[in-house]
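Colleague: My structure is below; once you've seen it, I'll send some questions.
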Amino acid sequence: MSGGLSATARMALLARLSKRRVAEDAAPRADAGSARDFSTLPGMRDYALLRTAMQSLDLPSPLFQVHDGLAGAHSHVGGRAVVNFASYNYLGLNNDPRVQQAARNAIDRYGVSVSGARITAGERVLHQELEAALAEWHGAEAALTFVSGHATNVTTIGHLMGPRDVVVHDAAIHNSCTEGVRLSGARRLPFAHNDLDAAERELAAARRGAQRALLLLEGHYSMDGDCPDLARAVSIARRHDAWLMVDEAHSLGVLGPTGRGVAEAQGVDPAGVDLWMGTLSKTLSASGGYIAAPRDVIDWLRHTAPGSVYSVGLAPPLAAAALESLRILRAEPERVLRLQANALLLRDLLRARGFSTAGSIGAAIVPVMIGSSVRTARLAHAMLDRGVALQTVLFPAVPEHSARLRFFVCAEHSEADIRFAADSMAEAAGAVGAVEALPGLG
């Protein structure tokens, strides 16, 4: 997502903080003013301003909190037990003994690594079984796994599109997608979040001058917890002779009665989507990503996409864990219903206490919009003090006025956990109160 400080805000903040910089920042850099000066990199100055602002307030960073133990409904942070809303273990499969045993069995048979790219020496039956299961799950002909969800989007979009093409995407799309577009050299046209009227206008205006076009959406947006109108997106893509790609990273196991994603949730034929993307690191309790698509597309990617050809294959314990997680998901859809009930309860409790939860549908992701990065950081610490861990999203990851806390709900949370979190949020907000505004940082 784009955003930043205006030039006026930067100047005001620099003036406010110039006398309060820490000693190491005040010391001149040996490479200052040269092409080797890392501080001239785009975005580094904005990050340095926020860091200095937080230091001036004696406010420790809420980021990179160390969790000790399994990332389930509960965890340990800093030696204390917490209710955990910071992890993507949506269906509680990361700590399922069947999944763990499948990973152990794979290590016993294949080792920790396949020790090679799949195209040369890294191919294993586990890869083929997992890809066949993922393709079936999405109603696609074939699928291909990659070692990273982020790399899946970067290498697929970067390889699929080219400088004569156009990509029209939701402004809230994941960074991996925009990085893939940047790699491809295609023209990139964002539209306002979930505004498919704007998407169609952008696509209609750009389509004639482009060789190929791609409409790019998420099935369940990780920042706001909402969804696109998939049927409308399919119609737009077909009308303008464009491919439709849907990132289901936060949809698999979350949306629909049995967790098959946004198509099932909205009653849309999944065949209307040309490329389904997903990750293995959330519901499927592993690490990696995949593309599900027509067989000829997958065969082409398998043999030519840099992220497949020039990368080691997916580690055996990860492939086995993901495959077993998918089997359990298919056999136990009641996990999905528990997750959805928990998320909906949390969203409604937070709204009843006066918090803005953006457009969250209450499926797994419930953001609480705060606005100020400083106040968001203080609230995160206040919540952790009360025994609740959750995710903090600050500038420059989002525009300063959009800083937020994010609750990631799982099927294993109890009703008591949910109510405790909502009550703690109300208490923390009251304790933190209004935060003295720093110029440009709220």
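Residues in the structure tokens are numbered from 1 in each chain, the chains being A, B, ... in the order shown, and ligands are numbered from 1 in the order shown.
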Identify all residues of range 16-208 of chain A in helix (DSSP H, G or I) (DSSP on the backbone) and supply them as a PyMOL selection string.

Modeller: chain A and resi 16-17+23-26+38-40+44-56+97-110+118-122+125-138+149-160+175-184+196-207

Colleague: Take the residues that were just selected and, keeping C-alpha atoms, output them as a compact mmCIF listing (two decimals), in the first residue's frame.

Modeller:
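What follows is the written file selection-v4.txt:
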# COMPACT_ATOMS: atom_id res chain seq x y z
CA ARG A 16 10.64 18.85 16.38
CA LEU A 17 13.05 15.97 16.73
CA ALA A 23 23.84 9.95 19.64
CA GLU A 24 24.47 7.40 16.94
CA ASP A 25 22.11 9.20 14.56
CA ALA A 26 23.78 12.52 15.28
CA PHE A 38 22.37 3.98 2.31
CA SER A 39 20.31 6.71 4.00
CA THR A 40 19.48 8.09 0.54
CA MET A 44 14.64 4.96 4.52
CA ARG A 45 14.27 8.56 5.65
CA ASP A 46 10.58 8.15 6.43
CA TYR A 47 11.36 5.02 8.42
CA ALA A 48 14.14 6.84 10.27
CA LEU A 49 11.72 9.65 11.18
CA LEU A 50 9.23 7.22 12.69
CA ARG A 51 11.96 5.38 14.57
CA THR A 52 13.33 8.64 15.96
CA ALA A 53 9.85 9.78 16.94
CA MET A 54 9.27 6.57 18.89
CA GLN A 55 12.68 6.82 20.54
CA SER A 56 11.95 10.39 21.58
CA PRO A 97 -0.26 -34.24 15.98
CA ARG A 98 -1.23 -35.76 12.62
CA VAL A 99 0.40 -32.87 10.76
CA GLN A 100 3.50 -33.02 12.93
CA GLN A 101 3.82 -36.76 12.41
CA ALA A 102 3.50 -36.37 8.65
CA ALA A 103 6.40 -33.91 8.72
CA ARG A 104 8.50 -36.32 10.81
CA ASN A 105 7.78 -39.18 8.44
CA ALA A 106 8.86 -37.06 5.48
CA ILE A 107 12.14 -36.20 7.21
CA ASP A 108 12.77 -39.87 7.92
CA ARG A 109 12.24 -40.77 4.26
CA TYR A 110 13.56 -37.74 2.35
CA ARG A 118 13.06 -29.87 -8.91
CA ILE A 119 13.91 -29.64 -12.60
CA THR A 120 17.30 -31.30 -11.97
CA ALA A 121 17.33 -33.47 -8.85
CA GLY A 122 14.74 -32.15 -6.38
CA VAL A 125 6.38 -37.76 -5.01
CA LEU A 126 5.25 -35.50 -2.14
CA HIS A 127 5.39 -32.48 -4.46
CA GLN A 128 3.21 -34.18 -7.04
CA GLU A 129 0.66 -35.38 -4.47
CA LEU A 130 0.38 -31.94 -2.89
CA GLU A 131 0.00 -30.20 -6.24
CA ALA A 132 -2.69 -32.62 -7.38
CA ALA A 133 -4.60 -32.01 -4.12
CA LEU A 134 -4.30 -28.23 -4.44
CA ALA A 135 -5.49 -28.29 -8.06
CA GLU A 136 -8.51 -30.37 -7.09
CA TRP A 137 -9.26 -28.02 -4.19
CA HIS A 138 -9.53 -25.06 -6.57
CA GLY A 149 4.34 -17.36 -0.93
CA HIS A 150 5.89 -13.98 -1.63
CA ALA A 151 8.16 -15.48 -4.29
CA THR A 152 5.15 -17.21 -5.87
CA ASN A 153 3.55 -13.91 -6.82
CA VAL A 154 6.83 -12.21 -7.71
CA THR A 155 8.03 -14.92 -10.06
CA THR A 156 4.63 -15.80 -11.59
CA ILE A 157 3.51 -12.25 -12.34
CA GLY A 158 7.03 -11.22 -13.29
CA HIS A 159 7.24 -14.11 -15.74
CA LEU A 160 3.68 -13.95 -17.08
CA ASN A 175 3.36 -6.30 -1.75
CA SER A 176 4.38 -9.55 -3.48
CA CYS A 177 1.96 -8.76 -6.30
CA THR A 178 3.20 -5.22 -6.88
CA GLU A 179 6.78 -6.47 -6.77
CA GLY A 180 5.91 -9.02 -9.44
CA VAL A 181 4.41 -6.31 -11.62
CA ARG A 182 7.49 -4.15 -11.12
CA LEU A 183 9.71 -7.06 -12.18
CA SER A 184 7.61 -7.66 -15.30
CA LEU A 196 -14.75 -2.58 -9.18
CA ASP A 197 -16.38 0.30 -11.07
CA ALA A 198 -12.99 2.02 -10.90
CA ALA A 199 -11.29 -1.25 -11.89
CA GLU A 200 -13.39 -1.48 -15.03
CA ARG A 201 -12.73 2.14 -15.94
CA GLU A 202 -8.98 1.62 -15.60
CA LEU A 203 -9.05 -1.60 -17.59
CA ALA A 204 -11.24 -0.17 -20.34
CA ALA A 205 -9.01 2.89 -20.73
CA ALA A 206 -5.76 0.92 -20.84
CA ARG A 207 -6.77 -2.26 -22.64

Colleague: Excluding range 139-147 of chain A and residues on its chain fewer than 4 positions from it, collect all residues at most 6 Å away from it, counting only C-alpha atoms, and give them as an mmCIF file with C-alpha atoms, in the first residue's frame.

Modeller:
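Saved to selection-v4.cif:
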data_model
loop_
_atom_site.group_PDB
_atom_site.id
_atom_site.type_symbol
_atom_site.label_atom_id
_atom_site.label_comp_id
_atom_site.auth_asym_id
_atom_site.auth_seq_id
_atom_site.Cartn_x
_atom_site.Cartn_y
_atom_site.Cartn_z
ATOM 1 C CA GLU A 131 -0.002 -30.196 -6.238
ATOM 2 C CA ALA A 135 -5.487 -28.289 -8.059
ATOM 3 C CA THR A 152 5.147 -17.210 -5.873
ATOM 4 C CA GLY A 288 5.587 -21.838 0.560
ATOM 5 C CA GLY A 289 3.079 -20.895 -2.101
ATOM 6 C CA TYR A 290 1.351 -22.256 -5.185
ATOM 7 C CA ILE A 291 -0.398 -21.399 -8.440
ATOM 8 C CA ALA A 292 -3.417 -23.400 -9.654
ATOM 9 C CA ALA A 293 -4.289 -22.898 -13.335
ATOM 10 C CA PRO A 294 -4.822 -24.677 -16.686
ATOM 11 C CA ARG A 295 -2.397 -27.552 -17.213
ATOM 12 C CA LEU A 314 9.849 -27.370 -1.368
#

Colleague: My list of candidates is A:Leu41, A:Leu91, A:Met369, A:Leu337. Which is closest to Glu400 in chain A when distances are computed with only C-alpha atoms?

Modeller: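 For Glu400 in chain A, the nearest of the candidates is A:Met369.
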
Colleague: Find, counting only C-alpha atoms, the residue in A:Val336, A:Leu384, A:Val432, A:Leu405 that gets nearest to Val368 in chain A.

Modeller: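 Closest residue, counting only C-alpha atoms: A:Leu405.
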
Colleague: Considering only C-alpha atoms, tabulate each residue of range 257-277 of chain A that lies at most 10 Å from range 217-232 of chain A along with its nearest interatomic pair and the corresponding distance in Å to one decimal; arrange the rows by chain and ascending residue number and present them as CSV.

Modeller:
residue,atom,partner,partner_atom,distance
A:Gly261,CA,A:Gly219,CA,7.2
A:Val262,CA,A:Gly219,CA,5.4
A:Ala263,CA,A:Leu230,CA,7.0
A:Ala265,CA,A:Leu230,CA,9.8
A:Gln266,CA,A:Leu230,CA,7.4
A:Gly267,CA,A:Ala231,CA,8.7
A:Val268,CA,A:Ala231,CA,6.2
A:Asp269,CA,A:Ala231,CA,8.5
A:Pro270,CA,A:Leu230,CA,9.5
A:Gly272,CA,A:Ala231,CA,8.3
A:Val273,CA,A:Leu230,CA,8.9
A:Trp276,CA,A:Gly219,CA,9.5
A:Met277,CA,A:Glu218,CA,9.1

Colleague: Glu412 in chain A: which residues within 12 Å, counting only C-alpha atoms, same-chain residues fewer than 3 positions away excluded, as a PyMOL selection string?

Modeller: chain A and resi 71-74+83-85+88-96+334-343+364+408-409+415-418

Colleague: Provide the CA of Arg419 in chain A to CA of Arg347 in chain A distance in Å, to one decimal place.

Modeller: 10.6 Å

Colleague: Residues near range 422-426 of chain A, anyone? I mean within 7 Å using only C-alpha atoms, not counting same-chain ones fewer than 5 positions away, as number ranges by chain.

Modeller: A: 346, 349-350, 353, 383, 386

Colleague: With C-alpha atoms retained, write the just-selected residues as a tab-separated table (two decimals), in the first residue's frame.

Modeller:
chain	number	residue	atom	x	y	z
A	346	LEU	CA	-14.85	-10.68	17.92
A	349	LEU	CA	-17.83	-7.18	20.19
A	350	LEU	CA	-15.20	-4.68	19.06
A	353	ARG	CA	-17.24	-1.09	22.09
A	383	MET	CA	-2.60	-5.10	25.01
A	386	ARG	CA	-2.89	-7.31	29.50

Colleague: For Ala86 in chain A, please output as a tab-separated table (two decimals) with N, CA and C atoms, in the first residue's frame all residues within 6 Å (counting only C-alpha atoms; exclusion window: fewer than 5 positions along the same chain).

Modeller:
chain	number	residue	atom	x	y	z
A	389	ALA	N	-1.63	-10.82	22.54
A	389	ALA	CA	-0.69	-10.54	21.45
A	389	ALA	C	-1.46	-10.38	20.15
A	390	LEU	N	-1.14	-9.33	19.41
A	390	LEU	CA	-1.79	-9.10	18.12
A	390	LEU	C	-0.82	-8.37	17.20
A	391	GLN	N	-1.19	-8.24	15.95
A	391	GLN	CA	-0.29	-7.65	14.96
A	391	GLN	C	-0.44	-6.14	14.90
A	408	PHE	N	-5.87	-11.75	14.24
A	408	PHE	CA	-6.00	-12.94	13.40
A	408	PHE	C	-6.59	-14.04	14.29

Colleague: Name the residues in contact with range 75-82 of chain A at a cut-off of 6 Å, using only C-alpha atoms, excluding same-chain residues fewer than 3 positions from it; report them as a list in words.

Modeller: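 The neighbour list is Val66, His67, Asp68, Ala71, Gly387 and Val388 of chain A.
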
Colleague: Could you pull out the strand (DSSP E or B) residues of range 216-382 of chain A from DSSP and send them as a ChimeraX atom specification?

Modeller: /A:216-218,243-247,275-279,289-293,312,365-371

Colleague: Those selected residues, please, written with C-alpha atoms and delivered as a PDB file, in the first residue's frame.

Modeller:
ATOM      1  CA  LEU A 216      -5.411  -8.819  -9.906  1.00  0.00           C
ATOM      2  CA  LEU A 217      -7.373  -9.199  -6.651  1.00  0.00           C
ATOM      3  CA  GLU A 218      -7.211 -10.872  -3.248  1.00  0.00           C
ATOM      4  CA  TRP A 243      -6.807 -12.672 -17.300  1.00  0.00           C
ATOM      5  CA  LEU A 244      -8.132 -12.757 -13.736  1.00  0.00           C
ATOM      6  CA  MET A 245      -5.768 -13.732 -10.915  1.00  0.00           C
ATOM      7  CA  VAL A 246      -6.978 -14.107  -7.324  1.00  0.00           C
ATOM      8  CA  ASP A 247      -4.623 -14.300  -4.340  1.00  0.00           C
ATOM      9  CA  LEU A 275      -4.959 -18.162 -11.979  1.00  0.00           C
ATOM     10  CA  TRP A 276      -5.504 -19.030  -8.329  1.00  0.00           C
ATOM     11  CA  MET A 277      -2.642 -18.203  -6.005  1.00  0.00           C
ATOM     12  CA  GLY A 278      -2.323 -19.358  -2.423  1.00  0.00           C
ATOM     13  CA  THR A 279       0.117 -19.904   0.403  1.00  0.00           C
ATOM     14  CA  GLY A 289       3.079 -20.895  -2.101  1.00  0.00           C
ATOM     15  CA  TYR A 290       1.351 -22.256  -5.185  1.00  0.00           C
ATOM     16  CA  ILE A 291      -0.398 -21.399  -8.440  1.00  0.00           C
ATOM     17  CA  ALA A 292      -3.417 -23.400  -9.654  1.00  0.00           C
ATOM     18  CA  ALA A 293      -4.289 -22.898 -13.335  1.00  0.00           C
ATOM     19  CA  VAL A 312      15.442 -25.583  -4.530  1.00  0.00           C
ATOM     20  CA  ILE A 365      -9.121 -11.019  10.004  1.00  0.00           C
ATOM     21  CA  VAL A 366     -10.427  -8.212  12.206  1.00  0.00           C
ATOM     22  CA  PRO A 367      -8.514  -4.914  11.989  1.00  0.00           C
ATOM     23  CA  VAL A 368      -8.973  -2.094  14.480  1.00  0.00           C
ATOM     24  CA  MET A 369      -8.320   1.228  12.799  1.00  0.00           C
ATOM     25  CA  ILE A 370      -6.338   3.604  15.019  1.00  0.00           C
ATOM     26  CA  GLY A 371      -4.791   6.172  12.659  1.00  0.00           C
TER      27      GLY A 371
END

Colleague: Which one is closest to Leu252 in chain A: A:Ser285, A:Ser402, A:Ser115, A:Ser373? Count only C-alpha atoms.

Modeller: A:Ser285

Colleague: So which one's closest to Ala171 in chain A, A:Val398, A:Leu344, A:Phe64, A:Val309? Using only C-alpha atoms, please.

Modeller: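 The shortest atom-to-atom distance to Ala171 in chain A comes from A:Val398.
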
Colleague: Just the number, please: distance in Å from CA of Phe395 in chain A to CA of Gly253 in chain A, one decimal.

Modeller: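 It comes out at 29.9 Å.
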
Colleague: For each of A:Phe420, A:Val254, A:Val374, A:Asp195, take the minimum atom-to-atom distance to Gly362 in chain A, counting only C-alpha atoms, then give the residue where this is smallest.

Modeller: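 Closest residue, counting only C-alpha atoms: A:Val254.
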
Colleague: Which polymer residues have any atom within 6 Å of an atom of range 323-330 of chain A, counting only C-alpha atoms, with same-chain residues fewer than 2 positions away left out, as a list in words?

Modeller: Val99, Leu130, Leu284, Ala320, Ala321, Glu332 and Pro333 of chain A
